[in-house]
$ cat entry07.csv   # CSV, C-alpha atoms
chain,number,residue,atom,x,y,z
A,1,MET,CA,141.3,93.2,128.6
A,2,ARG,CA,138.7,95.0,126.5
A,3,GLN,CA,140.7,98.2,126.7
A,4,SER,CA,143.9,96.6,125.6
A,5,ILE,CA,142.1,94.9,122.7
A,6,THR,CA,140.6,98.3,121.7
A,7,THR,CA,144.0,99.9,121.9
A,8,LEU,CA,145.5,97.2,119.7
A,9,CYS,CA,142.8,97.6,117.1
A,10,ALA,CA,143.3,101.4,117.1
A,11,CYS,CA,147.1,100.9,116.6
A,12,LEU,CA,146.5,98.4,113.8
A,13,LEU,CA,144.1,100.8,112.1
A,14,ALA,CA,146.5,103.6,112.4
A,15,GLY,CA,149.2,101.5,110.9
A,16,VAL,CA,147.0,100.5,108.0
A,17,LEU,CA,145.9,104.0,107.2
A,18,SER,CA,149.3,105.5,107.4
A,19,SER,CA,150.9,103.0,105.0
A,20,GLY,CA,152.7,104.3,102.0
A,21,CYS,CA,150.3,103.3,99.2
A,22,GLN,CA,147.2,105.0,100.7
A,23,ASN,CA,144.9,102.6,98.8
A,24,PHE,CA,141.4,103.3,100.1
A,25,LYS,CA,139.4,101.4,97.5
A,26,PRO,CA,138.1,98.9,100.1
A,27,VAL,CA,136.8,101.8,102.1
A,28,GLU,CA,135.1,103.3,99.0
A,29,GLN,CA,133.6,99.9,98.2
A,30,PHE,CA,132.2,99.6,101.8
A,31,ALA,CA,130.8,103.1,101.6
A,32,GLY,CA,129.1,102.4,98.3
A,33,GLN,CA,127.4,99.2,99.5
A,34,THR,CA,126.4,101.0,102.7
A,35,THR,CA,124.8,103.7,100.7
A,36,ALA,CA,122.9,101.1,98.7
A,37,VAL,CA,121.5,99.6,101.9
A,38,THR,CA,120.3,103.0,103.1
A,39,ALA,CA,118.7,103.6,99.7
A,40,THR,CA,116.7,100.4,100.1
A,41,PHE,CA,115.5,101.3,103.6
A,42,THR,CA,113.9,104.5,102.4
A,43,PRO,CA,111.2,102.9,100.2
A,44,MET,CA,110.6,100.3,102.8
A,45,LEU,CA,109.3,103.0,105.1
A,46,GLY,CA,106.9,104.1,102.4
A,47,HIS,CA,105.7,100.6,101.9
A,48,SER,CA,105.2,100.2,105.7
A,49,MET,CA,103.1,103.4,105.9
A,50,HIS,CA,101.1,102.1,102.9
A,51,SER,CA,100.6,98.9,104.8
A,52,CYS,CA,99.1,100.8,107.8
A,53,THR,CA,96.6,102.8,105.7
A,54,ASN,CA,95.7,99.8,103.5
A,55,ASN,CA,94.8,97.7,106.5
A,56,VAL,CA,92.5,100.4,107.8
A,57,ARG,CA,90.8,100.5,104.4
A,58,ARG,CA,90.3,96.7,104.4
A,59,LYS,CA,88.8,96.8,107.9
A,60,GLY,CA,86.4,99.4,106.7
A,61,LEU,CA,85.1,97.1,104.1
A,62,ILE,CA,84.4,94.5,106.8
A,63,VAL,CA,82.8,96.5,109.6
A,64,ASP,CA,81.4,99.7,108.1
A,65,ARG,CA,77.7,99.4,107.3
A,66,PRO,CA,77.0,101.3,105.1
A,67,TYR,CA,80.5,101.6,103.7
A,68,ALA,CA,81.6,105.3,103.5
A,69,PRO,CA,84.9,105.7,101.7
A,70,GLN,CA,85.5,109.3,103.0
A,71,ASN,CA,85.1,108.1,106.6
A,72,THR,CA,87.5,105.2,105.9
A,73,GLU,CA,90.1,107.6,104.5
A,74,GLN,CA,89.9,109.8,107.5
A,75,ALA,CA,90.2,106.8,109.8
A,76,ALA,CA,93.3,105.7,107.9
A,77,THR,CA,94.9,109.1,108.4
A,78,ASP,CA,94.0,109.3,112.1
A,79,SER,CA,95.0,105.7,112.9
A,80,CYS,CA,98.4,105.9,111.2
A,81,ARG,CA,99.4,109.4,112.3
A,82,ALA,CA,101.5,108.1,115.3
A,83,TYR,CA,103.0,105.4,113.1
A,84,ALA,CA,104.0,108.1,110.6
A,85,GLN,CA,105.9,109.9,113.3
A,86,ALA,CA,107.8,106.7,114.3
A,87,LEU,CA,108.7,106.2,110.6
A,88,ALA,CA,110.0,109.7,110.5
A,89,GLY,CA,112.4,108.9,113.4
A,90,SER,CA,113.7,105.8,111.7
A,91,ALA,CA,114.2,107.8,108.5
A,92,GLU,CA,116.3,110.3,110.4
A,93,LEU,CA,118.4,107.5,111.8
A,94,ASN,CA,118.9,106.0,108.3
A,95,ASN,CA,120.0,109.4,107.2
A,96,VAL,CA,122.8,109.4,109.7
A,97,LEU,CA,124.1,106.1,108.3
A,98,GLN,CA,123.7,107.5,104.8
A,99,ARG,CA,125.7,110.6,105.6
A,100,TYR,CA,128.4,108.5,107.3
A,101,ALA,CA,128.7,106.4,104.1
A,102,GLY,CA,128.7,109.6,102.0
A,103,VAL,CA,131.5,111.3,103.9
A,104,LEU,CA,133.5,108.0,104.0
A,105,ALA,CA,133.2,107.6,100.3
A,106,ALA,CA,134.2,111.2,99.6
A,107,LEU,CA,137.3,110.8,101.8
A,108,ALA,CA,138.2,107.5,100.2
A,109,ASN,CA,138.3,108.9,96.7
A,110,ASP,CA,139.7,112.3,97.9
A,111,SER,CA,136.7,114.2,96.7
A,112,LEU,CA,135.6,115.7,100.0
A,113,SER,CA,135.9,119.2,98.6
A,114,ASP,CA,132.8,118.3,96.5
A,115,TYR,CA,130.8,116.8,99.3
A,116,LYS,CA,128.0,119.0,100.5
A,117,ASP,CA,127.8,118.7,104.3
A,118,ASP,CA,124.1,118.8,105.3
A,119,ILE,CA,124.4,117.4,108.8
A,120,GLY,CA,121.5,119.0,110.7
A,121,ALA,CA,120.3,118.8,114.3
A,122,LEU,CA,118.6,115.4,115.0
A,123,GLY,CA,116.1,117.1,117.3
A,124,THR,CA,113.8,114.8,119.2
A,125,SER,CA,112.9,112.5,116.4
A,126,LEU,CA,115.5,109.8,117.4
A,127,ALA,CA,114.6,110.1,121.1
A,128,GLY,CA,111.0,109.2,120.2
A,129,LEU,CA,112.0,106.2,118.0
A,130,GLN,CA,110.2,103.2,119.4
A,131,SER,CA,109.7,99.5,118.7
A,132,SER,CA,106.3,98.0,117.9
A,133,GLY,CA,106.0,97.3,121.6
A,134,GLY,CA,106.4,100.9,122.5
A,135,THR,CA,109.9,100.7,124.1
A,136,PRO,CA,112.6,103.1,123.0
A,137,LEU,CA,115.0,101.7,120.4
A,138,LEU,CA,117.8,103.9,121.6
A,139,ASP,CA,118.5,104.5,125.3
A,140,ALA,CA,120.2,107.8,126.4
A,141,ASP,CA,123.7,106.4,126.0
A,142,LYS,CA,123.1,105.1,122.5
A,143,LEU,CA,121.3,108.2,121.5
A,144,GLY,CA,124.2,110.3,122.7
A,145,LYS,CA,126.7,108.3,120.6
A,146,VAL,CA,124.6,108.7,117.5
A,147,VAL,CA,124.4,112.5,118.0
A,148,GLN,CA,128.2,112.5,118.6
A,149,LEU,CA,128.8,110.6,115.4
A,150,SER,CA,126.7,113.1,113.5
A,151,GLU,CA,128.8,115.9,114.9
A,152,LEU,CA,132.0,114.1,114.0
A,153,LEU,CA,130.8,113.8,110.4
A,154,SER,CA,130.4,117.6,110.3
A,155,ARG,CA,133.9,118.1,111.7
A,156,VAL,CA,135.5,115.6,109.3
A,157,ALA,CA,133.8,117.2,106.3
A,158,THR,CA,135.1,120.6,107.4
A,159,GLN,CA,138.7,119.4,108.1
A,160,ARG,CA,139.1,117.5,104.9
A,161,LYS,CA,142.0,115.3,106.1
A,162,GLN,CA,141.8,112.1,104.2
A,163,ALA,CA,143.7,109.5,106.2
A,164,ALA,CA,142.9,111.0,109.6
A,165,GLY,CA,139.2,111.4,108.6
A,166,ILE,CA,138.9,107.7,107.5
A,167,ARG,CA,140.6,106.6,110.6
A,168,ALA,CA,138.3,108.6,112.8
A,169,LEU,CA,135.2,107.3,111.1
A,170,LEU,CA,136.2,103.7,111.1
A,171,GLU,CA,137.0,103.9,114.8
A,172,ARG,CA,133.3,104.7,115.3
A,173,GLU,CA,132.5,101.0,114.6
A,174,GLU,CA,130.4,100.8,117.8
A,175,ASP,CA,128.2,103.7,116.7
A,176,ILE,CA,127.5,102.1,113.3
A,177,TYR,CA,126.5,98.9,115.2
A,178,ILE,CA,124.1,100.9,117.3
A,179,ILE,CA,122.6,102.6,114.3
A,180,SER,CA,122.4,99.5,112.1
A,181,ASP,CA,121.0,97.3,114.9
A,182,ALA,CA,118.3,99.8,115.6
A,183,LEU,CA,117.4,100.0,112.0
A,184,LYS,CA,117.3,96.3,111.6
A,185,THR,CA,115.2,95.9,114.8
A,186,PHE,CA,112.8,98.6,113.7
A,187,ALA,CA,112.4,97.0,110.3
A,188,GLN,CA,111.9,93.5,111.6
A,189,ALA,CA,109.6,94.5,114.4
A,190,ASN,CA,107.4,96.8,112.4
A,191,TYR,CA,107.3,94.7,109.3
A,192,GLN,CA,106.5,91.6,111.2
A,193,ALA,CA,103.8,93.3,113.2
A,194,ASN,CA,102.3,94.7,109.9
A,195,LEU,CA,102.5,91.2,108.3
A,196,ARG,CA,100.5,89.7,111.2
A,197,ASP,CA,97.9,92.4,111.2
A,198,GLU,CA,97.4,92.3,107.5
A,199,ASN,CA,97.3,88.5,107.3
A,200,MET,CA,94.6,88.5,110.0
A,201,THR,CA,92.6,91.2,108.3
A,202,ILE,CA,92.8,89.4,104.9
A,203,ALA,CA,91.7,86.1,106.4
A,204,THR,CA,88.7,87.8,108.1
A,205,LEU,CA,87.8,89.7,104.9
A,206,ASN,CA,88.0,86.5,102.8
A,207,SER,CA,85.6,84.8,105.2
A,208,ALA,CA,83.2,87.8,104.9
A,209,LEU,CA,83.5,87.6,101.1
A,210,ASP,CA,82.7,83.9,101.1
A,211,ALA,CA,79.5,84.7,103.0
A,212,ALA,CA,78.6,87.5,100.6
A,213,ALA,CA,79.5,85.6,97.4
A,214,ALA,CA,75.9,84.4,96.7
A,215,ARG,CA,74.4,87.9,97.0
A,216,GLU,CA,77.3,89.9,95.4
A,217,PRO,CA,79.3,87.5,93.2
A,218,LEU,CA,81.0,90.1,91.1
A,219,ALA,CA,82.1,92.3,93.9
A,220,SER,CA,83.2,89.3,96.0
A,221,SER,CA,85.3,87.9,93.2
A,222,TYR,CA,86.9,91.3,92.5
A,223,LEU,CA,87.9,91.8,96.1
A,224,LYS,CA,89.1,88.2,96.4
A,225,ALA,CA,91.4,88.8,93.5
A,226,LYS,CA,92.9,91.9,95.2
A,227,LEU,CA,93.3,90.0,98.4
A,228,TYR,CA,95.2,87.3,96.6
A,229,LEU,CA,97.6,89.9,95.2
A,230,ASP,CA,98.0,91.4,98.7
A,231,SER,CA,98.8,88.0,100.2
A,232,ARG,CA,101.4,87.3,97.6
A,233,GLN,CA,103.0,90.7,98.2
A,234,LEU,CA,103.0,90.1,102.0
A,235,ARG,CA,105.2,87.0,101.4
A,236,GLU,CA,107.6,89.2,99.3
A,237,ARG,CA,107.7,91.8,102.0
A,238,GLY,CA,108.8,89.1,104.5
A,239,LYS,CA,111.6,88.1,102.2
A,240,LEU,CA,112.6,91.8,101.8
A,241,VAL,CA,113.0,92.2,105.5
A,242,GLU,CA,115.1,89.0,105.7
A,243,ALA,CA,117.4,90.3,102.9
A,244,TYR,CA,117.7,93.7,104.7
A,245,ALA,CA,118.7,92.0,108.0
A,246,ALA,CA,121.2,89.9,106.2
A,247,ALA,CA,122.7,92.9,104.5
A,248,ILE,CA,123.0,94.7,107.8
A,249,THR,CA,124.9,91.7,109.2
A,250,GLU,CA,127.4,91.9,106.4
A,251,LEU,CA,127.7,95.6,106.8
A,252,GLN,CA,128.7,95.1,110.4
A,253,ARG,CA,131.2,92.4,109.6
A,254,SER,CA,132.7,94.6,106.9
A,255,ILE,CA,133.3,97.6,109.1
A,256,SER,CA,134.8,95.3,111.7
A,257,ALA,CA,137.2,93.9,109.1
A,258,LEU,CA,138.1,97.3,107.8
A,259,ARG,CA,139.2,98.4,111.3
A,260,VAL,CA,141.7,95.6,111.8
A,261,LYS,CA,142.8,94.3,108.4
A,262,PRO,CA,145.3,95.8,106.0
A,263,MET,CA,143.6,97.3,102.9
A,264,GLN,CA,145.2,94.6,100.7
A,265,ASP,CA,144.2,91.7,103.0
A,266,PRO,CA,142.5,88.9,101.0
A,267,GLY,CA,140.2,88.3,104.0
A,268,LEU,CA,139.0,91.9,103.8
A,269,ALA,CA,138.4,91.5,100.1
A,270,ARG,CA,136.3,88.4,100.6
A,271,GLN,CA,134.2,90.1,103.3
A,272,LEU,CA,133.5,93.1,101.1
A,273,ASP,CA,132.6,90.7,98.3
A,274,ALA,CA,130.1,89.0,100.7
A,275,PHE,CA,128.7,92.3,101.6
A,276,ALA,CA,128.3,93.3,97.9
A,277,SER,CA,126.6,90.0,97.1
A,278,GLN,CA,124.1,90.4,100.0
A,279,VAL,CA,123.3,94.0,98.9
A,280,ASP,CA,122.7,92.7,95.4
A,281,ILE,CA,120.2,90.1,96.8
A,282,LEU,CA,118.5,92.9,98.8
A,283,GLN,CA,118.2,95.2,95.8
A,284,ARG,CA,116.8,92.4,93.6
A,285,GLN,CA,114.3,91.4,96.3
A,286,ALA,CA,113.2,95.0,96.7
A,287,THR,CA,112.1,95.0,93.0
A,288,GLN,CA,109.7,92.1,93.8
A,289,TYR,CA,107.6,94.1,96.3
A,290,SER,CA,105.1,96.6,94.9
A,291,PRO,CA,102.2,97.3,97.2
A,292,VAL,CA,98.7,97.1,95.8
A,293,SER,CA,96.5,100.1,96.4
A,294,TRP,CA,93.0,99.9,97.8
$ encode --input "entry07.csv" --output "structure tokens"
Amino acid sequence: MRQSITTLCACLLAGVLSSGCQNFKPVEQFAGQTTAVTATFTPMLGHSMHSCTNNVRRKGLIVDRPYAPQNTEQAATDSCRAYAQALAGSAELNNVLQRYAGVLAALANDSLSDYKDDIGALGTSLAGLQSSGGTPLLDADKLGKVVQLSELLSRVATQRKQAAGIRALLEREEDIYIISDALKTFAQANYQANLRDENMTIATLNSALDAAAAREPLASSYLKAKLYLDSRQLRERGKLVEAYAAAITELQRSISALRVKPMQDPGLARQLDAFASQVDILQRQATQYSPVSW
């Protein structure tokens, strides 16, 4: 049954893409919104790394006696080194999705001749991509499909066949689900873990500052003000992850609609509008989060 449904979807997609008008504006719209989602993910990685190092610095204020800033900075570098490698793997995965959207957009507006194909070897970075619990986000089968998608992007960019290229990329719906699910899981798991760690550290530091307020009122008040700003930003970061997850859901619904609906279908237009609206929410929420340095 699953095979027959898949065959039917492929036939519908072939019919849609071989129609006379060759209107690929919905594909271009989808690609543009997908690119916007990937652009938002990139600074989120920087914020997450910033979160890791900042939390080490806060803990240094609590436990180091006497406090030695240079030692704390070294501890932050050492403690977050493995986390930085995990972030690099997720960045590479995000790059695959970004390249997918870029090739799809170039095909849709027939400008592939201007598209610079920079698909490189994924190496071992994706194989080492793990959740906060240490389990791989991509098993061998899923990893193989992501690598195959990357290779397909290279071939499509070389062949420069518009309708056939769009059809081939939209047929890789399952691969885009694999990538987007992994990115969403990574963002949710790591951000939520960071939120918990930071909230616990901030609560402990606030208690320590209360105890020290009589001896060091100025320093205590200054640090409490910074912690207040940090707490407020943590709430915004939680909202940012929620908005990102919602945008990924609309991305997935949109590529599913593109596979089976005619380009002029009102239902497809509504779905792409829903995707665009959620991306707008994501972009606006991203501007609300600006990490405070320690």
$ atom_distance --input "entry07.csv" --atom1 "atom CA of A:Tyr222" --atom2 "atom CA of A:Asn55"
17.3 Å
$ closest_residue --input "entry07.csv" --among "A:Ser90, A:Gln288, A:Ile62, A:Ile248" --to "A:Thr35" --atoms "only C-alpha atoms"
A:Ile248
$ residues_near_point --input "entry07.csv" --point "(126.5, 106.1, 111.7)" --cutoff "6 Å" --atoms "all atoms listed in the file" --output "list in words"
Val96, Leu97, Tyr100, Asp175, Ile176 and Ile179 of chain A
$ residues_around --input "entry07.csv" --residues "A:Ile202" --least-positions-apart "4" --cutoff "7 Å" --atoms "all atoms listed in the file" --output "PyMOL selection string"
chain A and resi 198+206+227
$ atom_distance --input "entry07.csv" --atom1 "atom CA of A:Thr53" --atom2 "atom CA of A:Ala76"
4.9 Å
$ closest_residue --input "entry07.csv" --among "A:Ala286, A:Val27, A:Ala203, A:Leu234" --to "A:Asp110" --atoms "only C-alpha atoms"
A:Val27
$ closest_residue --input "entry07.csv" --among "A:Lys224, A:Lys161, A:His47, A:Arg270" --to "A:Asn190" --atoms "all atoms listed in the file"
A:His47
$ atom_distance --input "entry07.csv" --atom1 "atom CA of A:Leu272" --atom2 "atom CA of A:Ala31"
10.4 Å
$ closest_residue --input "entry07.csv" --among "A:Ala211, A:Ile166, A:Ala88, A:Leu282" --to "A:Leu152" --atoms "all atoms listed in the file"
A:Ile166
$ closest_residue --input "entry07.csv" --among "A:Ala245, A:Ala168, A:Lys226, A:Glu216" --to "A:Ala182" --atoms "only C-alpha atoms"
A:Ala245
$ residues_around --input "entry07.csv" --residues "stretch 184-188 of chain A" --least-positions-apart "3" --cutoff "7 Å" --atoms "only C-alpha atoms" --output "ChimeraX atom specification"
/A:131,180-181,191-192,241,245
$ residues_around --input "entry07.csv" --residues "A:Asn94" --least-positions-apart "6" --cutoff "9 Å" --atoms "all atoms listed in the file" --output "MDAnalysis selection string"
chainID A and resid 38:39 41:42 179:180 183
$ closest_residue --input "entry07.csv" --among "A:Arg58, A:Lys25, A:Arg65, A:Arg81" --to "A:Ala106" --atoms "all atoms listed in the file"
A:Lys25
